[in-house]
Each structure stands twice: as C-alpha cells, then as structure tokens.
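Structure file entry-v4.cif (mmCIF, N, CA and C atoms and all ligand atoms) is printed below.
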data_protein
#
loop_
_atom_site.label_atom_id
_atom_site.label_comp_id
_atom_site.auth_asym_id
_atom_site.auth_seq_id
_atom_site.Cartn_x
_atom_site.Cartn_y
_atom_site.Cartn_z
N MET A 1 0.85 -1.21 0.00
CA MET A 1 0.00 0.00 0.00
C MET A 1 0.88 1.25 0.00
N GLY A 2 0.47 2.26 -0.66
CA GLY A 2 1.22 3.49 -0.66
C GLY A 2 2.36 3.46 -1.65
N GLU A 3 3.47 2.94 -1.24
CA GLU A 3 4.68 2.87 -2.06
C GLU A 3 4.96 4.23 -2.68
N SER A 4 5.38 4.18 -3.92
CA SER A 4 5.71 5.45 -4.56
C SER A 4 4.47 6.14 -5.11
N LEU A 5 3.32 5.52 -4.85
CA LEU A 5 2.09 6.10 -5.40
C LEU A 5 1.53 7.22 -4.53
N ALA A 6 2.16 7.45 -3.39
CA ALA A 6 1.63 8.41 -2.43
C ALA A 6 1.38 9.78 -3.05
N THR A 7 2.20 10.16 -3.99
CA THR A 7 2.06 11.50 -4.55
C THR A 7 1.22 11.49 -5.83
N LEU A 8 0.78 10.29 -6.21
CA LEU A 8 0.01 10.22 -7.45
C LEU A 8 -1.46 10.51 -7.19
N PRO A 9 -2.14 10.90 -8.23
CA PRO A 9 -3.53 11.28 -8.07
C PRO A 9 -4.40 10.11 -7.62
N SER A 10 -5.32 10.37 -6.74
CA SER A 10 -6.26 9.34 -6.35
C SER A 10 -7.68 9.79 -6.64
N VAL A 11 -7.85 11.07 -6.91
CA VAL A 11 -9.18 11.57 -7.22
C VAL A 11 -9.18 12.02 -8.68
N ALA A 12 -9.94 11.34 -9.48
CA ALA A 12 -9.85 11.67 -10.89
C ALA A 12 -11.21 11.80 -11.55
N PHE A 13 -11.97 10.78 -11.52
CA PHE A 13 -13.26 10.84 -12.17
C PHE A 13 -14.15 9.80 -11.54
N GLN A 14 -15.43 9.91 -11.74
CA GLN A 14 -16.37 8.98 -11.14
C GLN A 14 -17.06 8.17 -12.22
N PRO A 15 -16.76 6.88 -12.28
CA PRO A 15 -17.34 6.07 -13.36
C PRO A 15 -18.86 6.03 -13.30
N GLY A 16 -19.44 6.29 -12.13
CA GLY A 16 -20.89 6.25 -12.01
C GLY A 16 -21.58 7.28 -12.89
N ALA A 17 -20.85 8.34 -13.24
CA ALA A 17 -21.45 9.41 -14.02
C ALA A 17 -21.43 9.10 -15.52
N LEU A 18 -20.87 7.98 -15.88
CA LEU A 18 -20.69 7.69 -17.30
C LEU A 18 -21.75 6.74 -17.83
N GLN A 19 -21.97 6.85 -19.11
CA GLN A 19 -22.94 5.96 -19.73
C GLN A 19 -22.23 5.03 -20.69
N PRO A 20 -22.02 3.81 -20.26
CA PRO A 20 -21.26 2.88 -21.08
C PRO A 20 -22.00 2.40 -22.30
N GLU A 21 -21.24 2.00 -23.29
CA GLU A 21 -21.79 1.39 -24.50
C GLU A 21 -21.33 -0.07 -24.49
N PRO A 22 -22.16 -0.96 -24.00
CA PRO A 22 -21.71 -2.35 -23.88
C PRO A 22 -21.49 -3.00 -25.25
N ARG A 23 -20.52 -3.85 -25.33
CA ARG A 23 -20.25 -4.58 -26.56
C ARG A 23 -20.26 -6.07 -26.25
N PRO A 24 -20.45 -6.88 -27.29
CA PRO A 24 -20.55 -8.33 -27.06
C PRO A 24 -19.34 -8.92 -26.33
N SER A 25 -18.18 -8.34 -26.53
CA SER A 25 -16.97 -8.89 -25.93
C SER A 25 -16.94 -8.72 -24.42
N GLY A 26 -17.85 -7.91 -23.88
CA GLY A 26 -17.81 -7.64 -22.45
C GLY A 26 -17.00 -6.38 -22.16
N GLU A 27 -16.15 -6.01 -23.10
CA GLU A 27 -15.41 -4.77 -22.94
C GLU A 27 -16.34 -3.62 -23.32
N ILE A 28 -16.13 -2.50 -22.68
CA ILE A 28 -16.98 -1.36 -22.97
C ILE A 28 -16.20 -0.35 -23.79
N ASP A 29 -16.82 0.09 -24.84
CA ASP A 29 -16.15 1.04 -25.73
C ASP A 29 -16.88 2.37 -25.67
N TYR A 30 -16.11 3.41 -25.54
CA TYR A 30 -16.73 4.72 -25.35
C TYR A 30 -16.59 5.61 -26.57
N ARG A 31 -16.17 5.01 -27.69
CA ARG A 31 -15.94 5.85 -28.88
C ARG A 31 -17.21 6.51 -29.37
N LEU A 32 -18.31 5.77 -29.30
CA LEU A 32 -19.57 6.32 -29.77
C LEU A 32 -20.00 7.51 -28.92
N ALA A 33 -19.91 7.34 -27.61
CA ALA A 33 -20.27 8.42 -26.69
C ALA A 33 -19.37 9.64 -26.92
N ARG A 34 -18.09 9.36 -27.21
CA ARG A 34 -17.14 10.44 -27.45
C ARG A 34 -17.51 11.19 -28.72
N ARG A 35 -17.84 10.43 -29.77
CA ARG A 35 -18.22 11.08 -31.03
C ARG A 35 -19.45 11.96 -30.85
N ARG A 36 -20.41 11.43 -30.10
CA ARG A 36 -21.65 12.20 -29.87
C ARG A 36 -21.35 13.48 -29.10
N LEU A 37 -20.52 13.37 -28.09
CA LEU A 37 -20.19 14.54 -27.28
C LEU A 37 -19.46 15.59 -28.10
N LEU A 38 -18.50 15.15 -28.91
CA LEU A 38 -17.76 16.10 -29.73
C LEU A 38 -18.66 16.75 -30.78
N ALA A 39 -19.60 15.98 -31.31
CA ALA A 39 -20.53 16.54 -32.29
C ALA A 39 -21.40 17.60 -31.62
N ALA A 40 -21.84 17.31 -30.40
CA ALA A 40 -22.66 18.28 -29.66
C ALA A 40 -21.86 19.54 -29.35
N PHE A 41 -20.58 19.34 -29.03
CA PHE A 41 -19.71 20.48 -28.73
C PHE A 41 -19.53 21.34 -29.98
N ARG A 42 -19.26 20.69 -31.12
CA ARG A 42 -19.04 21.45 -32.37
C ARG A 42 -20.30 22.14 -32.84
N ALA A 43 -21.44 21.56 -32.50
CA ALA A 43 -22.71 22.17 -32.89
C ALA A 43 -23.12 23.28 -31.91
N GLY A 44 -22.32 23.46 -30.87
CA GLY A 44 -22.61 24.52 -29.92
C GLY A 44 -23.63 24.15 -28.86
N ARG A 45 -23.99 22.87 -28.80
CA ARG A 45 -24.97 22.46 -27.80
C ARG A 45 -24.33 22.16 -26.44
N VAL A 46 -23.02 22.00 -26.44
CA VAL A 46 -22.31 21.75 -25.19
C VAL A 46 -21.17 22.76 -25.12
N ALA A 47 -21.04 23.41 -23.96
CA ALA A 47 -20.02 24.45 -23.83
C ALA A 47 -18.63 23.84 -23.62
N ARG A 48 -17.64 24.61 -23.98
CA ARG A 48 -16.26 24.13 -23.87
C ARG A 48 -15.90 23.75 -22.43
N HIS A 49 -16.36 24.55 -21.47
CA HIS A 49 -15.99 24.24 -20.09
C HIS A 49 -16.64 22.94 -19.61
N GLU A 50 -17.67 22.50 -20.35
CA GLU A 50 -18.31 21.24 -19.97
C GLU A 50 -17.55 20.03 -20.48
N VAL A 51 -16.83 20.19 -21.57
CA VAL A 51 -16.07 19.06 -22.10
C VAL A 51 -14.60 19.12 -21.66
N CYS A 52 -14.14 20.31 -21.32
CA CYS A 52 -12.75 20.46 -20.89
C CYS A 52 -12.73 20.64 -19.38
N ASP A 53 -13.17 19.60 -18.70
CA ASP A 53 -13.36 19.72 -17.25
C ASP A 53 -12.52 18.71 -16.47
N ALA A 54 -11.41 18.29 -17.03
CA ALA A 54 -10.57 17.31 -16.33
C ALA A 54 -10.20 17.82 -14.95
N HIS A 55 -10.33 16.97 -13.97
CA HIS A 55 -9.89 17.29 -12.62
C HIS A 55 -8.39 17.60 -12.67
N PRO A 56 -7.96 18.59 -11.88
CA PRO A 56 -6.52 18.94 -11.90
C PRO A 56 -5.61 17.73 -11.69
N GLU A 57 -6.06 16.78 -10.86
CA GLU A 57 -5.24 15.59 -10.62
C GLU A 57 -5.14 14.73 -11.88
N LEU A 58 -6.23 14.68 -12.62
CA LEU A 58 -6.22 13.90 -13.85
C LEU A 58 -5.30 14.56 -14.88
N ARG A 59 -5.37 15.86 -14.94
CA ARG A 59 -4.48 16.59 -15.86
C ARG A 59 -3.03 16.34 -15.52
N ARG A 60 -2.75 16.37 -14.21
CA ARG A 60 -1.38 16.16 -13.78
C ARG A 60 -0.94 14.73 -14.10
N ALA A 61 -1.85 13.79 -13.86
CA ALA A 61 -1.52 12.39 -14.16
C ALA A 61 -1.23 12.24 -15.65
N GLY A 62 -2.04 12.93 -16.48
CA GLY A 62 -1.83 12.86 -17.92
C GLY A 62 -0.46 13.37 -18.30
N ALA A 63 -0.03 14.42 -17.64
CA ALA A 63 1.26 15.01 -17.97
C ALA A 63 2.43 14.21 -17.40
N GLN A 64 2.23 13.63 -16.22
CA GLN A 64 3.37 13.02 -15.53
C GLN A 64 3.48 11.51 -15.71
N VAL A 65 2.37 10.80 -15.64
CA VAL A 65 2.46 9.34 -15.68
C VAL A 65 1.64 8.72 -16.80
N GLY A 66 0.95 9.56 -17.57
CA GLY A 66 0.12 9.02 -18.64
C GLY A 66 0.96 8.47 -19.79
N THR A 67 0.31 7.68 -20.62
CA THR A 67 0.96 7.16 -21.82
C THR A 67 0.69 8.12 -22.96
N PRO A 68 1.75 8.72 -23.52
CA PRO A 68 1.54 9.67 -24.61
C PRO A 68 0.97 8.97 -25.84
N THR A 69 0.09 9.64 -26.55
CA THR A 69 -0.44 9.10 -27.80
C THR A 69 -0.02 10.03 -28.93
N ARG A 70 -0.32 9.60 -30.16
CA ARG A 70 -0.03 10.46 -31.32
C ARG A 70 -1.29 11.19 -31.76
N GLN A 71 -2.30 11.09 -30.92
CA GLN A 71 -3.60 11.65 -31.29
C GLN A 71 -3.71 13.09 -30.79
N ARG A 72 -4.04 14.00 -31.69
CA ARG A 72 -4.19 15.40 -31.28
C ARG A 72 -5.51 15.58 -30.55
N CYS A 73 -5.54 16.54 -29.66
CA CYS A 73 -6.75 16.83 -28.91
C CYS A 73 -7.87 17.26 -29.87
N PRO A 74 -9.04 16.64 -29.76
CA PRO A 74 -10.14 16.97 -30.68
C PRO A 74 -10.76 18.33 -30.40
N VAL A 75 -10.45 18.93 -29.27
CA VAL A 75 -11.06 20.21 -28.92
C VAL A 75 -10.12 21.38 -29.24
N CYS A 76 -8.91 21.36 -28.71
CA CYS A 76 -8.03 22.52 -28.92
C CYS A 76 -7.05 22.30 -30.08
N ASP A 77 -6.84 21.02 -30.48
CA ASP A 77 -5.93 20.69 -31.57
C ASP A 77 -4.53 21.24 -31.32
N ASP A 78 -4.21 21.41 -30.06
CA ASP A 78 -3.00 22.12 -29.68
C ASP A 78 -2.00 21.22 -28.96
N ALA A 79 -2.44 20.03 -28.59
CA ALA A 79 -1.57 19.15 -27.82
C ALA A 79 -1.92 17.71 -28.13
N LEU A 80 -1.02 16.80 -27.79
CA LEU A 80 -1.29 15.38 -27.98
C LEU A 80 -1.96 14.84 -26.72
N LEU A 81 -2.89 13.92 -26.95
CA LEU A 81 -3.60 13.34 -25.83
C LEU A 81 -2.71 12.35 -25.09
N SER A 82 -3.03 12.19 -23.82
CA SER A 82 -2.33 11.24 -22.99
C SER A 82 -3.36 10.28 -22.41
N HIS A 83 -2.99 9.01 -22.29
CA HIS A 83 -3.90 8.02 -21.70
C HIS A 83 -3.51 7.72 -20.27
N VAL A 84 -4.49 7.79 -19.37
CA VAL A 84 -4.25 7.49 -17.96
C VAL A 84 -5.15 6.32 -17.57
N THR A 85 -4.58 5.35 -16.86
CA THR A 85 -5.35 4.17 -16.46
C THR A 85 -5.65 4.21 -14.97
N TYR A 86 -6.92 3.95 -14.64
CA TYR A 86 -7.33 3.85 -13.24
C TYR A 86 -7.95 2.49 -13.01
N VAL A 87 -7.72 1.94 -11.83
CA VAL A 87 -8.37 0.68 -11.48
C VAL A 87 -9.21 0.90 -10.23
N PHE A 88 -10.42 0.34 -10.28
CA PHE A 88 -11.33 0.38 -9.13
C PHE A 88 -11.54 -1.05 -8.66
N GLY A 89 -11.63 -1.22 -7.34
CA GLY A 89 -11.89 -2.55 -6.82
C GLY A 89 -11.74 -2.56 -5.31
N PRO A 90 -11.92 -3.76 -4.72
CA PRO A 90 -11.85 -3.88 -3.28
C PRO A 90 -10.51 -3.39 -2.74
N ARG A 91 -10.56 -2.66 -1.67
CA ARG A 91 -9.37 -2.15 -0.97
C ARG A 91 -8.56 -1.15 -1.79
N LEU A 92 -9.17 -0.64 -2.83
CA LEU A 92 -8.51 0.45 -3.57
C LEU A 92 -9.23 1.74 -3.21
N PRO A 93 -8.60 2.88 -3.43
CA PRO A 93 -9.25 4.16 -3.10
C PRO A 93 -10.59 4.30 -3.82
N ALA A 94 -11.52 4.99 -3.20
CA ALA A 94 -12.88 5.13 -3.75
C ALA A 94 -12.85 5.77 -5.14
N PHE A 95 -11.87 6.59 -5.41
CA PHE A 95 -11.78 7.24 -6.71
C PHE A 95 -10.77 6.55 -7.61
N GLY A 96 -10.42 5.33 -7.25
CA GLY A 96 -9.57 4.55 -8.12
C GLY A 96 -8.09 4.76 -7.85
N ARG A 97 -7.32 3.81 -8.34
CA ARG A 97 -5.87 3.94 -8.25
C ARG A 97 -5.32 4.19 -9.64
N CYS A 98 -4.46 5.18 -9.69
CA CYS A 98 -3.81 5.51 -10.96
C CYS A 98 -2.69 4.51 -11.20
N ILE A 99 -2.74 3.84 -12.33
CA ILE A 99 -1.80 2.77 -12.64
C ILE A 99 -0.68 3.31 -13.52
N THR A 100 0.55 2.98 -13.14
CA THR A 100 1.66 3.53 -13.91
C THR A 100 2.46 2.47 -14.64
N SER A 101 2.13 1.19 -14.45
CA SER A 101 2.88 0.17 -15.16
C SER A 101 2.01 -1.06 -15.44
N THR A 102 2.38 -1.79 -16.48
CA THR A 102 1.67 -3.04 -16.80
C THR A 102 1.84 -4.03 -15.67
N HIS A 103 3.00 -4.01 -15.05
CA HIS A 103 3.28 -4.92 -13.94
C HIS A 103 2.26 -4.70 -12.81
N GLU A 104 1.99 -3.46 -12.52
CA GLU A 104 1.04 -3.15 -11.46
C GLU A 104 -0.36 -3.65 -11.83
N LEU A 105 -0.70 -3.51 -13.09
CA LEU A 105 -2.00 -3.97 -13.58
C LEU A 105 -2.09 -5.50 -13.43
N GLN A 106 -1.00 -6.17 -13.74
CA GLN A 106 -0.96 -7.64 -13.62
C GLN A 106 -1.12 -8.06 -12.17
N ARG A 107 -0.48 -7.32 -11.27
CA ARG A 107 -0.60 -7.65 -9.84
C ARG A 107 -2.03 -7.49 -9.36
N LEU A 108 -2.67 -6.40 -9.77
CA LEU A 108 -4.06 -6.17 -9.36
C LEU A 108 -4.98 -7.24 -9.94
N ALA A 109 -4.65 -7.72 -11.14
CA ALA A 109 -5.48 -8.74 -11.79
C ALA A 109 -5.44 -10.05 -11.02
N GLN A 110 -4.37 -10.28 -10.27
CA GLN A 110 -4.25 -11.52 -9.50
C GLN A 110 -5.04 -11.46 -8.20
N ARG A 111 -5.40 -10.28 -7.78
CA ARG A 111 -6.08 -10.13 -6.49
C ARG A 111 -7.49 -10.69 -6.52
N LYS A 112 -7.99 -11.00 -5.34
CA LYS A 112 -9.37 -11.46 -5.22
C LYS A 112 -10.33 -10.29 -5.43
N GLY A 113 -11.51 -10.61 -5.91
CA GLY A 113 -12.52 -9.57 -6.10
C GLY A 113 -12.45 -8.99 -7.49
N GLU A 114 -13.53 -8.29 -7.86
CA GLU A 114 -13.58 -7.75 -9.21
C GLU A 114 -12.90 -6.38 -9.28
N HIS A 115 -11.98 -6.27 -10.20
CA HIS A 115 -11.29 -5.01 -10.44
C HIS A 115 -11.61 -4.53 -11.85
N THR A 116 -11.94 -3.28 -11.96
CA THR A 116 -12.26 -2.73 -13.28
C THR A 116 -11.25 -1.65 -13.62
N ALA A 117 -10.72 -1.75 -14.82
CA ALA A 117 -9.75 -0.76 -15.29
C ALA A 117 -10.44 0.21 -16.25
N TYR A 118 -10.08 1.46 -16.14
CA TYR A 118 -10.60 2.50 -17.02
C TYR A 118 -9.43 3.25 -17.61
N VAL A 119 -9.46 3.42 -18.92
CA VAL A 119 -8.46 4.26 -19.57
C VAL A 119 -9.14 5.56 -19.96
N VAL A 120 -8.55 6.66 -19.52
CA VAL A 120 -9.10 7.98 -19.80
C VAL A 120 -8.11 8.76 -20.66
N GLU A 121 -8.60 9.41 -21.70
CA GLU A 121 -7.72 10.29 -22.45
C GLU A 121 -7.87 11.69 -21.90
N VAL A 122 -6.75 12.37 -21.81
CA VAL A 122 -6.80 13.73 -21.27
C VAL A 122 -5.86 14.62 -22.06
N CYS A 123 -6.30 15.85 -22.28
CA CYS A 123 -5.45 16.84 -22.96
C CYS A 123 -4.80 17.71 -21.89
N PRO A 124 -3.48 17.73 -21.85
CA PRO A 124 -2.80 18.53 -20.83
C PRO A 124 -2.97 20.03 -21.06
N HIS A 125 -3.38 20.38 -22.27
CA HIS A 125 -3.48 21.80 -22.61
C HIS A 125 -4.83 22.39 -22.22
N CYS A 126 -5.92 21.77 -22.71
CA CYS A 126 -7.23 22.39 -22.49
C CYS A 126 -8.11 21.64 -21.49
N ALA A 127 -7.63 20.47 -21.02
CA ALA A 127 -8.35 19.69 -20.02
C ALA A 127 -9.52 18.88 -20.59
N TRP A 128 -9.57 18.76 -21.92
CA TRP A 128 -10.52 17.81 -22.50
C TRP A 128 -10.20 16.43 -21.91
N ASN A 129 -11.26 15.67 -21.61
CA ASN A 129 -11.04 14.31 -21.12
C ASN A 129 -12.23 13.45 -21.45
N HIS A 130 -11.95 12.19 -21.72
CA HIS A 130 -13.03 11.25 -22.02
C HIS A 130 -12.55 9.83 -21.79
N LEU A 131 -13.50 8.98 -21.42
CA LEU A 131 -13.16 7.57 -21.27
C LEU A 131 -12.85 6.96 -22.62
N VAL A 132 -11.82 6.14 -22.67
CA VAL A 132 -11.47 5.45 -23.90
C VAL A 132 -12.04 4.04 -23.86
N ARG A 133 -11.77 3.34 -22.78
CA ARG A 133 -12.32 1.99 -22.63
C ARG A 133 -12.27 1.57 -21.18
N ALA A 134 -13.02 0.52 -20.90
CA ALA A 134 -13.05 -0.04 -19.56
C ALA A 134 -13.18 -1.54 -19.68
N TRP A 135 -12.58 -2.25 -18.76
CA TRP A 135 -12.70 -3.71 -18.80
C TRP A 135 -12.46 -4.26 -17.40
N VAL A 136 -12.99 -5.46 -17.18
CA VAL A 136 -12.80 -6.12 -15.90
C VAL A 136 -11.50 -6.92 -15.96
N LEU A 137 -10.67 -6.70 -14.97
CA LEU A 137 -9.39 -7.41 -14.95
C LEU A 137 -9.59 -8.87 -14.62
N SER A 138 -8.82 -9.71 -15.27
CA SER A 138 -8.80 -11.11 -14.88
C SER A 138 -7.37 -11.60 -15.05
N PRO A 139 -6.97 -12.60 -14.26
CA PRO A 139 -5.58 -13.07 -14.36
C PRO A 139 -5.25 -13.45 -15.80
N GLY A 140 -4.16 -12.97 -16.29
CA GLY A 140 -3.76 -13.32 -17.65
C GLY A 140 -4.25 -12.34 -18.69
N SER A 141 -5.11 -11.42 -18.27
CA SER A 141 -5.60 -10.41 -19.22
C SER A 141 -5.39 -9.04 -18.63
N THR A 142 -4.55 -8.27 -19.25
CA THR A 142 -4.26 -6.96 -18.66
C THR A 142 -4.61 -5.82 -19.60
N ARG A 143 -5.38 -6.08 -20.59
CA ARG A 143 -5.84 -4.96 -21.41
C ARG A 143 -7.31 -5.11 -21.82
ZN ZN B 201 -6.96 20.11 -25.78
#

Show me, as structure tokens, the structure contained in the file I just sent.
Ligand SMILES: [Zn+2]
Amino acid sequence: MGESLATLPSVAFQPGALQPEPRPSGEIDYRLARRRLLAAFRAGRVARHEVCDAHPELRRAGAQVGTPTRQRCPVCDDALLSHVTYVFGPRLPAFGRCITSTHELQRLAQRKGEHTAYVVEVCPHCAWNHLVRAWVLSPGSTR
C-alpha cells in the first residue's frame, strides 16, 4: 500500500457518471459516446468548459504518468492526448488507483474480487477528457 504512489492522483473521475456502450466482448467502448459529445460540442450544444473539465489531478496524471499518444486533442488541436489508467476494486481508493505500469496492472489482476480498469484520455493543454475503454481485470488479461 502506498509505495511510490503516495504522490500520485487518487481523485480523478467517477465512473458512475458515465454511460457505457456495452459490446458483445464484455469490454466497454466509449468511442460512440465520445463522437456524440464532440458533435454536440461542435454544434454549440455543449459548452467548452463542460467538455474540458478534467480534474486537476487527472491533468497532472496525464502530464506526468500518462501514456503519450499520437492523437491530437479533438477540442483545442494544440496538444497530444495522454492516456491514464485507473483501477477500481476492493481495498482500492474510492476514486480509483492511478496505474503507472503493466506490472502493477498484472498484480491487481491476480487479487481477489472484481477489479475494473478504465483508460481515460486527457489533454494537458485544455483539459478535455473522455473515457477510452473499460474492462474487468482477470488473471492473464491486462488490457
Ligand atoms: Zn486540448
């Protein structure tokens, strides 16, 4: 418990507020929801501050421990998106644990109880953020 994660973000986002798009594989894909949200934003039905609302901790995680992508931010087009992984489950913080390595993900997958991983994309520049995918961890499967 703790380890070097003490300074890492523990408060990031609440999965309860999200509307998943279930797929046959059991994995949840959020691309459709993302497309709809961006379309609403471009049409002026959703304000910028509503889509660029990443929690400061999430922004920091994106900048410091996130996995850089080659994808430009769909809102500001000014920075590359970063992927941050959080895991929720028994004996983990209520707002999830920010995962910084595949090894850590593998360790959590071995634990008893259901653990769910969420990958969030975040723009370090404008604070755009959205869920990319979510899945239930199981031993031997870490993505
Ligand atoms: Zn941006």

Checklist entry - Counting only N, CA and C atoms and all ligand atoms, which protein, DNA or RNA residues come within 5 Å of ligand ZN 201 (chain B), given as an MDAnalysis selection string? => result chainID A and resid 73 75:77 123 125:128

Checklist entry - Using only C-alpha atoms, which residue out of A:His130, A:Gly96, A:Ser138, A:Phe88 lies closest to Pro74 in chain A? => result A:His130

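Nearest to Pro124 in chain A of all the residues A:Val65, A:Val46, A:Ala79, A:Ala39 is A:Ala79, counting all atoms listed in the file.
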
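For the atom pair formed by atom C of Tyr118 in chain A and atom C of Ala43 in chain A, the distance is 28.2 Å, given to one decimal.
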
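Considering all atoms listed in the file, the residue among A:Arg133, A:Arg42, A:His115, A:His103 positioned nearest to Val87 in chain A is A:His115.
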
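Here atom N of Cys98 in chain A and CA of Phe41 in chain A stand 28.8 Å from one another.
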
Next on the checklist: With DSSP run on the backbone, what are the alpha helix (DSSP H) residues within range 62-127 of chain A? I'd like them as a list in words.
Outcome noted: Gly62, Ala63, Gln64, Thr102, His103, Glu104, Leu105, Gln106, Arg107, Leu108, Ala109 and Gln110 of chain A

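The shortest atom-to-atom distance to Thr116 in chain A, with only N, CA and C atoms taken into account, belongs to A:Leu137 out of A:Val132, A:Leu137, A:Ile99, A:Ala47.
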